[in-house]
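Asker: I am sharing my_file09.tsv, which consists of TSV, C-alpha atoms:
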chain	number	residue	atom	x	y	z
A	1	MET	CA	86.66	65.78	20.36
A	2	ALA	CA	84.13	68.58	20.73
A	3	SER	CA	81.77	69.18	17.81
A	4	LEU	CA	82.29	72.19	15.53
A	5	ASN	CA	79.32	73.94	17.19
A	6	ALA	CA	80.58	73.21	20.71
A	7	VAL	CA	79.77	75.97	23.20
A	8	PHE	CA	82.31	76.38	26.02
A	9	ALA	CA	81.87	78.33	29.26
A	10	GLY	CA	83.71	81.32	27.80
A	11	ASP	CA	81.28	81.52	24.87
A	12	LEU	CA	78.34	82.27	27.19
A	13	VAL	CA	77.34	85.81	28.19
A	14	VAL	CA	75.82	86.73	31.56
A	15	GLY	CA	72.28	88.07	31.07
A	16	GLU	CA	71.66	86.21	27.82
A	17	SER	CA	68.30	84.35	27.61
A	18	TYR	CA	67.50	81.36	25.41
A	19	PRO	CA	63.99	80.19	24.45
A	20	ILE	CA	63.52	76.46	25.17
A	21	GLY	CA	60.49	75.75	22.97
A	22	SER	CA	57.16	74.38	24.20
A	23	TYR	CA	55.58	71.20	25.57
A	24	LEU	CA	51.95	70.05	25.68
A	25	ILE	CA	51.34	68.12	28.90
A	26	SER	CA	48.55	65.58	28.40
A	27	ARG	CA	46.34	64.12	31.11
A	28	GLU	CA	47.75	60.66	30.31
A	29	ALA	CA	51.32	61.93	30.74
A	30	ILE	CA	50.47	63.47	34.15
A	31	LEU	CA	48.95	60.18	35.33
A	32	GLU	CA	51.83	58.08	33.98
A	33	PHE	CA	54.58	60.25	35.47
A	34	ALA	CA	52.84	60.42	38.85
A	35	GLY	CA	52.23	56.66	38.89
A	36	GLU	CA	55.93	56.05	38.36
A	37	TRP	CA	57.59	58.76	40.50
A	38	ASP	CA	55.14	60.71	42.67
A	39	PRO	CA	52.02	58.63	43.37
A	40	GLN	CA	50.14	61.21	45.44
A	41	PRO	CA	46.33	61.51	45.07
A	42	ILE	CA	46.44	65.19	43.92
A	43	HIS	CA	48.37	64.01	40.84
A	44	MET	CA	46.25	60.93	40.16
A	45	ASP	CA	42.69	61.18	41.49
A	46	ASP	CA	40.34	63.94	40.30
A	47	GLU	CA	37.88	63.36	43.11
A	48	ILE	CA	40.47	63.67	45.88
A	49	ALA	CA	42.14	66.63	44.13
A	50	ALA	CA	38.75	68.40	43.88
A	51	ARG	CA	38.17	67.94	47.62
A	52	GLY	CA	41.32	69.95	48.22
A	53	PHE	CA	42.42	73.28	46.87
A	54	TYR	CA	42.29	72.32	43.17
A	55	ASP	CA	39.70	71.63	40.52
A	56	GLY	CA	41.08	68.26	39.50
A	57	ILE	CA	44.49	66.62	39.19
A	58	ILE	CA	47.60	68.78	38.84
A	59	ALA	CA	51.01	67.68	37.53
A	60	SER	CA	53.74	66.62	39.95
A	61	GLY	CA	56.30	69.39	40.48
A	62	LEU	CA	58.94	66.84	39.51
A	63	HIS	CA	57.16	66.35	36.21
A	64	THR	CA	57.27	70.12	35.61
A	65	LEU	CA	61.00	70.13	36.42
A	66	CYS	CA	61.60	67.18	34.04
A	67	ILE	CA	59.75	69.01	31.23
A	68	PHE	CA	61.92	72.09	31.81
A	69	GLN	CA	65.07	69.96	31.62
A	70	LYS	CA	63.96	68.06	28.51
A	71	LEU	CA	63.24	71.34	26.70
A	72	ALA	CA	66.46	73.00	27.87
A	73	VAL	CA	68.66	70.02	26.90
A	74	THR	CA	67.10	69.51	23.47
A	75	HIS	CA	66.86	73.21	22.51
A	76	VAL	CA	69.80	74.84	24.29
A	77	TYR	CA	72.27	72.60	26.13
A	78	ARG	CA	72.61	70.24	23.16
A	79	ASP	CA	75.93	71.77	22.04
A	80	TRP	CA	77.14	72.98	25.43
A	81	GLU	CA	80.27	71.38	26.88
A	82	ILE	CA	78.66	70.44	30.21
A	83	ILE	CA	80.71	68.26	32.57
A	84	ALA	CA	77.96	67.69	35.16
A	85	GLY	CA	75.27	69.46	37.13
A	86	ARG	CA	76.33	70.51	40.63
A	87	GLY	CA	73.02	71.52	42.13
A	88	ILE	CA	69.52	72.89	41.67
A	89	ARG	CA	68.06	75.55	43.91
A	90	ASP	CA	64.87	77.45	44.61
A	91	LEU	CA	62.37	75.40	42.64
A	92	GLN	CA	59.09	77.27	42.97
A	93	PHE	CA	55.76	75.86	41.86
A	94	LEU	CA	53.88	79.14	41.50
A	95	ARG	CA	50.66	78.04	39.79
A	96	PRO	CA	49.18	74.58	39.18
A	97	VAL	CA	50.10	72.78	35.96
A	98	ARG	CA	46.91	71.13	34.65
A	99	PRO	CA	46.15	68.57	31.92
A	100	GLU	CA	46.39	69.85	28.33
A	101	MET	CA	48.41	72.99	29.19
A	102	THR	CA	51.18	74.02	26.83
A	103	LEU	CA	54.29	75.15	28.70
A	104	THR	CA	56.91	77.48	27.21
A	105	GLY	CA	60.04	78.83	28.83
A	106	THR	CA	63.48	80.34	28.83
A	107	VAL	CA	66.86	79.74	30.44
A	108	THR	CA	69.06	82.72	31.35
A	109	ILE	CA	72.77	82.82	32.24
A	110	THR	CA	73.12	84.60	35.60
A	111	ALA	CA	76.82	84.09	36.45
A	112	ILE	CA	79.99	82.35	35.22
A	113	GLU	CA	82.61	81.47	37.87
A	114	PRO	CA	86.01	80.26	36.63
A	115	ARG	CA	87.11	77.33	38.82
A	116	ASP	CA	90.39	76.06	37.36
A	117	GLU	CA	92.17	75.82	33.97
A	118	SER	CA	89.62	73.39	32.60
A	119	ARG	CA	86.31	74.19	34.32
A	120	SER	CA	83.89	77.02	35.06
A	121	LEU	CA	80.70	76.89	37.13
A	122	VAL	CA	77.81	78.31	35.09
A	123	HIS	CA	74.73	79.62	36.96
A	124	LYS	CA	71.36	79.54	35.22
A	125	PHE	CA	67.81	80.76	35.93
A	126	GLY	CA	64.95	78.82	34.36
A	127	GLU	CA	61.25	79.62	34.01
A	128	LEU	CA	58.11	78.08	32.53
A	129	PHE	CA	54.87	79.86	31.55
A	130	ASN	CA	51.33	78.54	30.93
A	131	ASP	CA	49.12	79.24	27.87
A	132	ALA	CA	48.02	82.55	29.43
A	133	GLY	CA	51.65	83.67	29.76
A	134	GLU	CA	51.57	83.33	33.55
A	135	LEU	CA	54.66	82.10	35.35
A	136	VAL	CA	54.10	78.57	36.72
A	137	PHE	CA	57.64	77.48	37.63
A	138	THR	CA	61.07	78.98	38.32
A	139	MET	CA	64.39	77.44	39.35
A	140	ARG	CA	68.12	78.13	39.60
A	141	ALA	CA	70.81	75.60	38.71
A	142	GLU	CA	74.58	75.38	38.47
A	143	ALA	CA	76.62	73.14	36.19
A	144	TYR	CA	80.34	72.67	35.58
A	145	MET	CA	81.30	73.41	31.97
A	146	ARG	CA	84.53	73.00	30.06
A	147	VAL	CA	86.78	75.93	29.25
A	148	ARG	CA	88.09	76.04	25.66
A	149	ILE	CA	91.70	74.89	25.51
A	150	ASP	CA	93.80	76.88	23.03
A	151	PRO	CA	95.79	74.23	21.06
A	152	THR	CA	98.41	76.84	20.15
A	153	GLY	CA	98.79	78.05	23.77
B	1	MET	CA	37.23	61.77	54.46
B	2	ALA	CA	40.72	61.20	55.80
B	3	SER	CA	41.78	57.60	56.41
B	4	LEU	CA	42.00	56.28	59.97
B	5	ASN	CA	45.81	56.44	59.75
B	6	ALA	CA	45.81	60.00	58.41
B	7	VAL	CA	48.78	62.06	59.60
B	8	PHE	CA	48.11	65.81	59.94
B	9	ALA	CA	50.67	68.60	60.32
B	10	GLY	CA	50.17	68.62	64.09
B	11	ASP	CA	51.04	64.92	64.34
B	12	LEU	CA	54.59	65.52	63.04
B	13	VAL	CA	57.53	66.30	65.33
B	14	VAL	CA	60.45	68.56	64.39
B	15	GLY	CA	63.67	66.52	64.34
B	16	GLU	CA	61.97	63.20	63.64
B	17	SER	CA	63.57	61.11	60.82
B	18	TYR	CA	61.85	58.46	58.73
B	19	PRO	CA	63.59	55.73	56.69
B	20	ILE	CA	62.34	55.65	53.09
B	21	GLY	CA	63.51	52.17	52.06
B	22	SER	CA	65.87	51.39	49.21
B	23	TYR	CA	66.02	51.38	45.40
B	24	LEU	CA	68.31	49.52	42.98
B	25	ILE	CA	69.04	51.73	39.98
B	26	SER	CA	69.74	49.59	36.91
B	27	ARG	CA	71.76	50.62	33.88
B	28	GLU	CA	68.63	50.23	31.73
B	29	ALA	CA	66.67	52.55	34.05
B	30	ILE	CA	69.40	55.23	33.86
B	31	LEU	CA	69.37	55.08	30.05
B	32	GLU	CA	65.57	55.10	29.83
B	33	PHE	CA	65.10	58.03	32.21
B	34	ALA	CA	67.84	60.07	30.53
B	35	GLY	CA	66.42	59.34	27.07
B	36	GLU	CA	63.05	60.67	28.15
B	37	TRP	CA	63.94	63.66	30.35
B	38	ASP	CA	67.66	64.52	30.34
B	39	PRO	CA	69.31	63.31	27.11
B	40	GLN	CA	72.86	64.45	27.88
B	41	PRO	CA	75.81	62.26	26.83
B	42	ILE	CA	77.12	61.77	30.41
B	43	HIS	CA	73.85	59.96	31.21
B	44	MET	CA	73.69	57.93	27.98
B	45	ASP	CA	77.10	57.32	26.38
B	46	ASP	CA	79.86	55.44	28.24
B	47	GLU	CA	82.55	56.56	25.84
B	48	ILE	CA	81.76	60.27	26.13
B	49	ALA	CA	81.27	59.95	29.91
B	50	ALA	CA	84.69	58.25	30.21
B	51	ARG	CA	86.36	61.12	28.32
B	52	GLY	CA	85.14	63.45	31.05
B	53	PHE	CA	85.44	63.25	34.80
B	54	TYR	CA	83.64	59.90	35.18
B	55	ASP	CA	84.27	56.26	34.53
B	56	GLY	CA	81.13	55.67	32.50
B	57	ILE	CA	77.54	56.92	32.51
B	58	ILE	CA	76.08	58.45	35.67
B	59	ALA	CA	72.39	58.90	36.50
B	60	SER	CA	70.68	62.22	35.79
B	61	GLY	CA	70.27	64.30	38.96
B	62	LEU	CA	66.57	64.48	38.13
B	63	HIS	CA	66.44	60.69	38.18
B	64	THR	CA	68.03	60.69	41.64
B	65	LEU	CA	65.45	63.26	42.80
B	66	CYS	CA	62.59	61.17	41.33
B	67	ILE	CA	63.87	58.06	43.16
B	68	PHE	CA	63.95	60.01	46.42
B	69	GLN	CA	60.36	61.19	45.87
B	70	LYS	CA	59.08	57.72	44.89
B	71	LEU	CA	60.59	56.21	48.05
B	72	ALA	CA	59.38	59.05	50.30
B	73	VAL	CA	55.81	58.95	48.94
B	74	THR	CA	55.45	55.17	49.09
B	75	HIS	CA	57.13	54.67	52.48
B	76	VAL	CA	56.36	57.86	54.41
B	77	TYR	CA	54.01	60.41	52.82
B	78	ARG	CA	51.44	57.74	51.96
B	79	ASP	CA	49.20	58.62	54.93
B	80	TRP	CA	50.16	62.29	55.25
B	81	GLU	CA	47.49	64.91	54.59
B	82	ILE	CA	49.54	66.84	52.02
B	83	ILE	CA	47.76	69.64	50.12
B	84	ALA	CA	50.60	70.39	47.68
B	85	GLY	CA	54.34	70.94	47.48
B	86	ARG	CA	55.36	74.59	47.55
B	87	GLY	CA	59.02	74.35	46.64
B	88	ILE	CA	62.24	72.36	46.64
B	89	ARG	CA	65.58	73.90	47.57
B	90	ASP	CA	69.26	73.10	47.73
B	91	LEU	CA	69.41	69.91	45.68
B	92	GLN	CA	73.02	68.78	45.93
B	93	PHE	CA	74.48	65.98	43.82
B	94	LEU	CA	77.44	65.13	46.03
B	95	ARG	CA	78.73	61.92	44.45
B	96	PRO	CA	77.90	60.23	41.14
B	97	VAL	CA	75.04	57.70	41.07
B	98	ARG	CA	76.18	54.81	38.88
B	99	PRO	CA	74.45	51.77	37.34
B	100	GLU	CA	73.53	48.98	39.78
B	101	MET	CA	73.89	51.10	42.93
B	102	THR	CA	71.35	50.59	45.70
B	103	LEU	CA	70.22	53.89	47.20
B	104	THR	CA	68.79	54.21	50.71
B	105	GLY	CA	67.65	57.33	52.50
B	106	THR	CA	65.75	59.24	55.13
B	107	VAL	CA	63.45	62.24	55.35
B	108	THR	CA	63.60	64.49	58.44
B	109	ILE	CA	61.11	67.12	59.64
B	110	THR	CA	63.02	70.39	60.15
B	111	ALA	CA	60.21	72.91	60.84
B	112	ILE	CA	56.42	73.23	60.99
B	113	GLU	CA	54.96	76.71	60.33
B	114	PRO	CA	51.24	77.20	61.03
B	115	ARG	CA	49.75	79.30	58.18
B	116	ASP	CA	46.02	79.54	58.86
B	117	GLU	CA	43.22	77.50	60.50
B	118	SER	CA	43.44	74.74	57.94
B	119	ARG	CA	47.09	74.64	56.74
B	120	SER	CA	50.67	74.41	57.98
B	121	LEU	CA	53.85	74.57	55.93
B	122	VAL	CA	56.03	71.53	56.73
B	123	HIS	CA	59.78	71.77	56.03
B	124	LYS	CA	61.70	68.56	55.25
B	125	PHE	CA	65.32	67.55	54.69
B	126	GLY	CA	65.96	64.53	52.46
B	127	GLU	CA	69.10	62.47	51.87
B	128	LEU	CA	70.18	59.44	49.85
B	129	PHE	CA	73.22	57.18	50.47
B	130	ASN	CA	75.06	54.72	48.20
B	131	ASP	CA	75.94	51.09	49.02
B	132	ALA	CA	79.07	52.27	50.88
B	133	GLY	CA	76.95	54.50	53.14
B	134	GLU	CA	78.29	57.66	51.49
B	135	LEU	CA	75.96	60.60	51.00
B	136	VAL	CA	75.15	61.07	47.29
B	137	PHE	CA	72.22	63.50	47.41
B	138	THR	CA	70.57	66.00	49.76
B	139	MET	CA	67.62	68.36	49.37
B	140	ARG	CA	65.18	70.53	51.28
B	141	ALA	CA	61.48	70.81	50.47
B	142	GLU	CA	58.36	72.46	51.81
B	143	ALA	CA	54.77	71.26	51.47
B	144	TYR	CA	51.43	72.54	52.71
B	145	MET	CA	49.67	70.02	54.97
B	146	ARG	CA	46.23	69.95	56.50
B	147	VAL	CA	45.65	70.75	60.16
B	148	ARG	CA	43.32	68.34	62.00
B	149	ILE	CA	39.88	69.88	62.48
B	150	ASP	CA	38.34	69.04	65.85
B	151	PRO	CA	34.74	68.00	65.05
B	152	THR	CA	33.68	68.88	68.62
B	153	GLY	CA	35.39	72.31	68.50
What does the file become when written as structure tokens?
Answerer:
Amino acid sequence: MASLNAVFAGDLVVGESYPIGSYLISREAILEFAGEWDPQPIHMDDEIAARGFYDGIIASGLHTLCIFQKLAVTHVYRDWEIIAGRGIRDLQFLRPVRPEMTLTGTVTITAIEPRDESRSLVHKFGELFNDAGELVFTMRAEAYMRVRIDPTG
Amino acid sequence: MASLNAVFAGDLVVGESYPIGSYLISREAILEFAGEWDPQPIHMDDEIAARGFYDGIIASGLHTLCIFQKLAVTHVYRDWEIIAGRGIRDLQFLRPVRPEMTLTGTVTITAIEPRDESRSLVHKFGELFNDAGELVFTMRAEAYMRVRIDPTG
């Protein structure tokens, strides 16, 4: 059974934006994530990163994406009747994410496509900003969500 | 200094495919990743997952993407002179990734765009297959790579 607060596809409104809270990304977290999933020198070695186009290590783009998802799930999707994600598109890493930055963001509903009696495909746009309010990351994603079934219908 | 095996943008060939090895995804790993980054019931709760369109928990799509990246970095990008990723596009989660599956995959060079004297933008297509050889995941990504500087030039 869905919870009393359950949000179905038909409860969402195109154009609505939801704040997803904030996340402090520590140097240790950048090193740990990169060591596990994306062990490239620019995410792990200050000296090599400084030889390149950056001032020191920068977070893996996958780490940035994971932070977006963690914030969106815990602050917004928590009560949504999501069946499963279908795809993610257009991830853009616009500015480097560095140790000790605090990221904030929003998720916005961009379209709702009814698919059948039980499912709609919900399109979302996500963004993250750095401490200076500059955009560091954007993405688009689609997920299947349940449609509310009218028990009297 | 670049290593003796360093691979620059100009060393890559459009159309070339590289195997990225394989990865066994355990039930514990699915639960741990989801708990940290994507705490949705379909990734964490067999009972709720079974009420939906699946037979039990399925891996987060972000987990699948992270596995692809880990394999690609450790098996292929290891010696590549990558400056930084610019974006990821068209992530498609085509079939569920379930506990105890072994994923295998390839990465293919689809385009190389010279940008300036020192950098090219390299376009890649990635895919992962399940134990039955069925495609479970595809993506496209672009990264800036160094161009080899001729010391005699």
Asker: Using all atoms listed in the file for the distances, tell me which of A:Phe8, A:Leu24, A:Gly85, A:Thr108 is nearest to Ile58 in chain B.
Answerer: A:Gly85
Asker: Could you tell me which of B:Met145, B:Phe137, B:Ile57, B:Leu62 comes closest to Glu36 in chain B if we count only C-alpha atoms?
Answerer: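 Under the stated criterion, the closest residue is B:Leu62.
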Asker: Report, in Å to a single decimal, how far apart CA of Ile30 in chain A and CA of His43 in chain A are.
Answerer: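 Here the two named atoms are 7.0 Å from each other.
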Asker: Of the candidates B:Leu65, B:Ala49, B:Ile88, B:Ile82, which shows the shortest atom-to-atom distance to chain A, using all atoms listed in the file?
Answerer: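 Selected residue with least distance to chain A: B:Ile88.
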Asker: Let me make sure I understand: among A:Ile48, A:Glu142, A:Gly133, A:Ser26, which one has the smallest atom-to-atom distance to Glu81 in chain B if we use all atoms listed in the file?
Answerer: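 Of the candidates, the smallest distance to Glu81 in chain B is held by A:Ile48.
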Asker: Excluding range 90-95 of chain B and its own-chain neighbours fewer than 6 positions away, which residues fall within 8 Å of it when counting all atoms listed in the file? Please give them as a count of residues only.
Answerer: 13
